[in-house]
There are 2 protein chains.
Amino acid sequence: MRKINPHDFTVARRGTSREINRQIALNLVRTHQPVSRADLARLMNVRRGVASLLVSELLSENLIFEGALGESVGRGRRPTFLYIDSRERCVVGVDIRASRTYILVTDLVGRQLGAVSSFQTNRDVDVLIHELARRIKQILTDYNACEGVGVSVPGMVEPTKGRVVHAPTLAWHDVNLRDPLAAALGIPVQIENSGKACALAQLWATRSDVVASGNSVFVSVSDGVGVGIVVNGEVLRGRHNTAGEFGHVPLSIDGPKCSCGATGCWEAYVSNLATLSRYFGRDLSDPRPRDSEEAAFSIEDLIARARAGEAKALAALNSTARYLGLGLASIVNALDPARVYIGGEITTAWSLIEPIVRSAVRERTLTEFGGATEIHVVPAEDHPRLRGAVALVAAPAFAAPMVA
Amino acid sequence: MRKINPHDFTVARRGTSREINRQIALNLVRTHQPVSRADLARLMNVRRGVASLLVSELLSENLIFEGALGESVGRGRRPTFLYIDSRERCVVGVDIRASRTYILVTDLVGRQLGAVSSFQTNRDVDVLIHELARRIKQILTDYNACEGVGVSVPGMVEPTKGRVVHAPTLAWHDVNLRDPLAAALGIPVQIENSGKACALAQLWATRSDVVASGNSVFVSVSDGVGVGIVVNGEVLRGRHNTAGEFGHVPLSIDGPKCSCGATGCWEAYVSNLATLSRYFGRDLSDPRPRDSEEAAFSIEDLIARARAGEAKALAALNSTARYLGLGLASIVNALDPARVYIGGEITTAWSLIEPIVRSAVRERTLTEFGGATEIHVVPAEDHPRLRGAVALVAAPAFAAPMVA
DNA sequence: GAGTATATGTTCCGCGTTTAGACAAATTCG
DNA sequence: CGAATTTGTCTAAACGCGGAACATATACTC
């Protein structure tokens, strides 16, 4: 039961029905390909004539193409199979992180085309944009038309204005990232916060359609904790584009100091830095410089030691697992999502920590159902941030039209 | 950018455009009445002919009616004003609470018709349904056709099945409340969780249209803490109808024991019971029976003493205010709503506690914008739960059609 | 191999809805 | 009283779904 906003609505025009059905047909081709006109008509519960017209419109726009004839099951004319036309067109995804920046090229449905490349992130925006443009141009010489570039940024972003409002790890404040990059490339650019990009990636992943019905949440655990929320098949933005900051919901308001200035944030318990601090027996906010050994020691090293059976590493990891679960319980209680995705380096230790996470979730969730909420691990190889960045460009063509 | 769920979509039919525009027109009449056909055409940016047809359809369904002619501003024919037809039809709202049950009759747009009546809640469901039916029948003798009864229940509800899954304060488990009541009354009945009902009430309140655009959150502080979340003009349900349980998101996982079994829940810091416990210097979970004086002492009494300047009462209240703000900060960080509504007895002390709440919110919110999130107090006289219960019945006629 | 049954894809017409414009009715101003 | 203006209705055109007929293609049967 959705309320119509009487100050911002969309009237149905003569072509609105067609627009809606066209998008539905396009999405059905995407998820059910190979699929025939007759299949579409059955799926949509319309006559074949209507499906035929929708298809011919999509064909004329080169969004889909006719492939080989399918094998007829019984007798009768063989169907002509339809496919999303992802030939000849590509999308570039960029993931800017504090240390390195990653680039990936995919087709229109997000299928990986080349290898992921990366380079060291220069925190000077102008330099970074210049280098990014150079590398993307270089890569695109191997491909035909590029539909656009999507960029995932670790910080607060205003996608409509193309600005990075605040990215602490990069020391960026109110920077226009989109327009200079678009100008340098001559291709449209979209930018988005990395947590929301991850959520987008799962939402638009070709396989998972569970997510489009219920809500889902993506929790990304790395140096910080980023969260993206999907409600009704849409990423939750919030009034100021900051929705999803569950990382700074407290576990204990008297807990360890967090980078945000407050104390006891979830992030201060479960981020990689928090886990490492716990391992070294120091406070997260300890200002003393780490010695070179400590500084070079990464969360991957810690996980390796834990896997090798080192008690101290295992203990640090188990604590993180428990806190991770307690925080996930908050998300489950607050949003009751159909599914929670988890990404970040911690996922490589999932087999070690899963039982602890699960029992911690159950410990603080209100209902049995909540405690049993699906938790899906998204491995680093899936590159959720890059996939999400790609979705920024690739998804709008498949999105539902605005109506009512 | 909303994803179309390829396994659950709504195809546009021949009448879909009309359906959409009809609902838009109806909503415009609701919010802009008195309004003419020509006004509607201008507001909707369609021809007067279309507006005329939409209006005649709404007229034939008795959803709107033609009132007197309006005064023409300049020269030209005088417009015939249109109004929502709320004559002759009423809606009943019921608010079941642990101690008392309240009943309110309104017209179709939620305008109060009679006085609020109430009686003591009997926890035996059958007895309660019987008494409720008797009283509603009695009240309805004064009114014409009743469109339906909406019921707000303090607990977990499955609205589609009409069942109360779990209501701890009433000791109800998996009780069908809707069907027996509907059978006894011969009128359709809708039930909903009280937190979500409060959110609904604000969403559908005739005045506020801010809410329909951004997200909003209703926080109801009484014996427990209930939260209702509105996203995209729709109340967030979640996978198992339990979305919005921010009351059990922790402030400190080692904090006081909460009724839910966990420790340190926000509710255990800010509920009326928590405030009273703090005042009496006991633990919330203290099993010792209170003496009669303590048992009779309510939160209203405490607030009265605080207003009178009693230091102990003021201290208890101030602590609650601070914790209230800290928890609100979590909601702001998690959802970044355009507005937060607060209801419950605590609102009568708002002038005392507002500065403390506000500064606590700012203390833990990530951005300046977040810290400045609008907080609206909803006084008890507005009966948000009853209004929400009414909206359960009255709102569907105005809701946006399902599409795409 | 011819005929029949069946499935696919196209075409045509009916009908509902928006779009555009004309027209009558009502009202004010000169 | 006549011109200008606004409201509300009406008609024809354009567009899209709904339904059915038709051509095409394939497999099975006799």
# chains A, B, ... in the order shown; residues from 1 in each chain; ligands from 1
call {"tool": "residues_around", "arguments": {"residues": "DC23 in chain C", "least_positions_apart": "5", "cutoff": "12 Å", "atoms": "only C-alpha atoms (C1' of nucleotides)", "output": "list in words"}}
result
DG8, DT9, DC10 and DT11 of chain D
call {"tool": "residues_around", "arguments": {"residues": "DC15 in chain C", "least_positions_apart": "4", "cutoff": "12 Å", "atoms": "only C-alpha atoms (C1' of nucleotides)", "output": "ChimeraX atom specification"}}
result
/B:14-15 /D:16-19
call {"tool": "closest_atom_pairs", "arguments": {"of": "chain A", "to": "chain D", "cutoff": "6 Å", "atoms": "only C-alpha atoms (C1' of nucleotides)", "output": "CSV"}}
result
residue,atom,partner,partner_atom,distance
A:Arg75,CA,D:DA27,C1',4.4
A:Gly76,CA,D:DT26,C1',4.5
A:Arg77,CA,D:DA25,C1',4.1
call {"tool": "residues_around", "arguments": {"residues": "Ala304 in chain A", "least_positions_apart": "3", "cutoff": "10 Å", "atoms": "only C-alpha atoms (C1' of nucleotides)", "output": "VMD selection string"}}
result
chain A and resid 298 to 301 307 to 310 313 to 314 348 to 349
call {"tool": "residues_around", "arguments": {"residues": "Glu381 in chain A", "least_positions_apart": "3", "cutoff": "12 Å", "atoms": "only C-alpha atoms (C1' of nucleotides)", "output": "list of chain:residue names"}}
result
A:Gln112, A:Ala115, A:Val116, A:Gly343, A:Gly344, A:Glu345, A:Thr347, A:Thr348, A:Val377, A:Val378, A:Pro384, A:Arg385, A:Leu386, A:Arg387
call {"tool": "closest_atom_pairs", "arguments": {"of": "chain B", "to": "chain C", "cutoff": "10 Å", "atoms": "only C-alpha atoms (C1' of nucleotides)", "output": "CSV"}}
result
residue,atom,partner,partner_atom,distance
B:Arg14,CA,C:DG16,C1',6.4
B:Gly15,CA,C:DG16,C1',6.9
B:Thr16,CA,C:DT17,C1',9.2
B:Ser17,CA,C:DT17,C1',7.2
B:Arg18,CA,C:DT17,C1',6.8
B:Val46,CA,C:DT19,C1',8.7
B:Arg47,CA,C:DT19,C1',7.7
B:Gly49,CA,C:DT19,C1',9.5
B:Val50,CA,C:DT18,C1',7.4
B:Ser72,CA,C:DT27,C1',8.0
B:Val73,CA,C:DT28,C1',9.7
B:Gly74,CA,C:DT28,C1',6.9
B:Arg75,CA,C:DT28,C1',4.2
B:Gly76,CA,C:DT27,C1',4.5
B:Arg77,CA,C:DA26,C1',4.3
B:Arg78,CA,C:DA26,C1',6.9
B:Pro79,CA,C:DA26,C1',9.7
call {"tool": "atom_distance", "arguments": {"atom1": "CA of Ser194 in chain B", "atom2": "CA of Val157 in chain B"}}
result
9.2 Å
call {"tool": "atom_distance", "arguments": {"atom1": "CA of Leu366 in chain B", "atom2": "CA of Gln190 in chain A"}}
result
24.3 Å
call {"tool": "select_by_dssp", "arguments": {"residues": "range 47-132 of chain A", "states": "alpha helix (DSSP H)", "output": "list in words"}}
result
Arg48, Gly49, Val50, Ala51, Ser52, Leu53, Leu54, Val55, Ser56, Glu57, Leu58, Leu59, Ser60, Val125, Asp126, Val127, Leu128, Ile129, His130, Glu131 and Leu132 of chain A
call {"tool": "select_by_dssp", "arguments": {"residues": "range 225-347 of chain A", "states": "strand (DSSP E)", "output": "VMD selection string"}}
result
chain A and resid 225 to 231 234 to 235 339 to 344
call {"tool": "write_last_selection", "arguments": {"atoms": "C-alpha atoms", "output": "PDB file, in the first residue's frame"}}
result
ATOM      1  CA  VAL A 225      32.245  -1.290   7.717  1.00  0.00           C
ATOM      2  CA  GLY A 226      30.014  -0.262   4.838  1.00  0.00           C
ATOM      3  CA  VAL A 227      26.377  -1.238   4.530  1.00  0.00           C
ATOM      4  CA  GLY A 228      24.022  -0.978   1.564  1.00  0.00           C
ATOM      5  CA  ILE A 229      20.295  -1.533   1.995  1.00  0.00           C
ATOM      6  CA  VAL A 230      17.895  -2.666  -0.708  1.00  0.00           C
ATOM      7  CA  VAL A 231      14.173  -2.088  -0.169  1.00  0.00           C
ATOM      8  CA  GLU A 234      15.796  -0.157  -4.876  1.00  0.00           C
ATOM      9  CA  VAL A 235      18.889   0.959  -2.984  1.00  0.00           C
ATOM     10  CA  ARG A 339      18.965 -12.030   3.008  1.00  0.00           C
ATOM     11  CA  VAL A 340      22.216 -10.523   4.263  1.00  0.00           C
ATOM     12  CA  TYR A 341      25.326 -10.480   2.099  1.00  0.00           C
ATOM     13  CA  ILE A 342      28.771 -10.246   3.594  1.00  0.00           C
ATOM     14  CA  GLY A 343      31.859  -9.120   1.742  1.00  0.00           C
ATOM     15  CA  GLY A 344      35.386  -8.154   2.632  1.00  0.00           C
TER      16      GLY A 344
END
call {"tool": "atom_distance", "arguments": {"atom1": "CA of Met156 in chain B", "atom2": "CA of Ala268 in chain B"}}
result
18.8 Å
call {"tool": "closest_residue", "arguments": {"among": "B:Arg278, B:Arg37, B:His240, B:His383", "to": "chain A", "atoms": "only C-alpha atoms"}}
result
B:His240
call {"tool": "closest_residue", "arguments": {"among": "A:Leu113, A:Leu59, A:Ala338, A:Leu326", "to": "chain B", "atoms": "only C-alpha atoms"}}
result
A:Ala338
call {"tool": "residues_around", "arguments": {"residues": "Ala167 in chain A", "least_positions_apart": "2", "cutoff": "12 Å", "atoms": "only C-alpha atoms (C1' of nucleotides)", "output": "PyMOL selection string"}}
result
chain A and resi 96-98+123+125+152-158+163-165+169-175+177+192-194+224+260
call {"tool": "write_last_selection", "arguments": {"atoms": "N, CA and C atoms", "output": "mmCIF file, in the first residue's frame"}}
result
data_model
loop_
_atom_site.group_PDB
_atom_site.id
_atom_site.type_symbol
_atom_site.label_atom_id
_atom_site.label_comp_id
_atom_site.auth_asym_id
_atom_site.auth_seq_id
_atom_site.Cartn_x
_atom_site.Cartn_y
_atom_site.Cartn_z
ATOM 1 N N ILE A 96 37.455 2.760 -6.544
ATOM 2 C CA ILE A 96 38.524 3.537 -5.917
ATOM 3 C C ILE A 96 38.611 3.155 -4.452
ATOM 4 N N ARG A 97 39.776 2.716 -4.017
ATOM 5 C CA ARG A 97 39.959 2.406 -2.608
ATOM 6 C C ARG A 97 41.149 3.205 -2.101
ATOM 7 N N ALA A 98 41.324 3.228 -0.807
ATOM 8 C CA ALA A 98 42.369 4.066 -0.222
ATOM 9 C C ALA A 98 43.737 3.743 -0.821
ATOM 10 N N ARG A 123 46.001 10.234 -4.146
ATOM 11 C CA ARG A 123 44.917 10.935 -3.449
ATOM 12 C C ARG A 123 44.646 12.324 -3.998
ATOM 13 N N VAL A 125 43.046 14.404 -6.442
ATOM 14 C CA VAL A 125 41.936 14.062 -7.337
ATOM 15 C C VAL A 125 42.287 14.293 -8.795
ATOM 16 N N SER A 152 32.835 3.383 -7.965
ATOM 17 C CA SER A 152 32.520 3.154 -6.559
ATOM 18 C C SER A 152 33.530 3.884 -5.687
ATOM 19 N N VAL A 153 33.029 4.698 -4.774
ATOM 20 C CA VAL A 153 33.901 5.535 -3.951
ATOM 21 C C VAL A 153 33.679 5.231 -2.471
ATOM 22 N N PRO A 154 34.736 5.070 -1.680
ATOM 23 C CA PRO A 154 34.559 4.783 -0.259
ATOM 24 C C PRO A 154 34.275 6.059 0.512
ATOM 25 N N GLY A 155 33.044 6.512 0.493
ATOM 26 C CA GLY A 155 32.699 7.728 1.211
ATOM 27 C C GLY A 155 31.308 8.183 0.848
ATOM 28 N N MET A 156 30.958 9.358 1.333
ATOM 29 C CA MET A 156 29.623 9.889 1.109
ATOM 30 C C MET A 156 29.565 10.544 -0.262
ATOM 31 N N VAL A 157 28.579 10.158 -1.056
ATOM 32 C CA VAL A 157 28.506 10.582 -2.445
ATOM 33 C C VAL A 157 27.133 11.174 -2.747
ATOM 34 N N GLU A 158 27.111 12.203 -3.577
ATOM 35 C CA GLU A 158 25.849 12.711 -4.108
ATOM 36 C C GLU A 158 25.778 12.353 -5.580
ATOM 37 N N ARG A 163 29.166 14.396 -7.095
ATOM 38 C CA ARG A 163 30.187 14.884 -6.165
ATOM 39 C C ARG A 163 30.462 13.890 -5.045
ATOM 40 N N VAL A 164 31.713 13.845 -4.614
ATOM 41 C CA VAL A 164 32.086 13.124 -3.410
ATOM 42 C C VAL A 164 32.051 14.143 -2.276
ATOM 43 N N VAL A 165 31.105 13.990 -1.379
ATOM 44 C CA VAL A 165 30.938 14.973 -0.314
ATOM 45 C C VAL A 165 32.048 14.823 0.731
ATOM 46 N N THR A 169 39.035 8.327 4.097
ATOM 47 C CA THR A 169 40.263 7.582 3.815
ATOM 48 C C THR A 169 41.045 8.171 2.653
ATOM 49 N N LEU A 170 40.372 8.976 1.832
ATOM 50 C CA LEU A 170 41.062 9.611 0.707
ATOM 51 C C LEU A 170 41.325 11.088 0.974
ATOM 52 N N ALA A 171 40.790 11.562 2.104
ATOM 53 C CA ALA A 171 40.908 12.986 2.454
ATOM 54 C C ALA A 171 40.286 13.879 1.387
ATOM 55 N N TRP A 172 39.148 13.440 0.848
ATOM 56 C CA TRP A 172 38.438 14.245 -0.143
ATOM 57 C C TRP A 172 37.250 14.941 0.511
ATOM 58 N N HIS A 173 37.055 16.196 0.170
ATOM 59 C CA HIS A 173 35.902 16.929 0.666
ATOM 60 C C HIS A 173 35.254 17.692 -0.474
ATOM 61 N N ASP A 174 33.987 17.361 -0.731
ATOM 62 C CA ASP A 174 33.227 18.051 -1.758
ATOM 63 C C ASP A 174 34.012 18.189 -3.055
ATOM 64 N N VAL A 175 34.237 17.041 -3.653
ATOM 65 C CA VAL A 175 35.016 16.988 -4.882
ATOM 66 C C VAL A 175 34.114 16.548 -6.023
ATOM 67 N N LEU A 177 33.844 14.516 -8.937
ATOM 68 C CA LEU A 177 34.606 13.446 -9.571
ATOM 69 C C LEU A 177 34.031 13.109 -10.939
ATOM 70 N N GLU A 192 29.033 6.383 -7.100
ATOM 71 C CA GLU A 192 28.203 5.901 -6.002
ATOM 72 C C GLU A 192 29.084 5.472 -4.828
ATOM 73 N N ASN A 193 28.508 5.548 -3.660
ATOM 74 C CA ASN A 193 29.156 5.056 -2.451
ATOM 75 C C ASN A 193 29.384 3.549 -2.552
ATOM 76 N N SER A 194 30.506 3.066 -2.004
ATOM 77 C CA SER A 194 30.873 1.670 -2.224
ATOM 78 C C SER A 194 29.909 0.690 -1.558
ATOM 79 N N GLY A 224 36.887 -0.228 7.133
ATOM 80 C CA GLY A 224 35.703 0.234 7.851
ATOM 81 C C GLY A 224 34.603 -0.787 7.635
ATOM 82 N N CYS A 260 35.166 7.523 13.646
ATOM 83 C CA CYS A 260 34.169 8.575 13.413
ATOM 84 C C CYS A 260 34.127 9.583 14.557
#
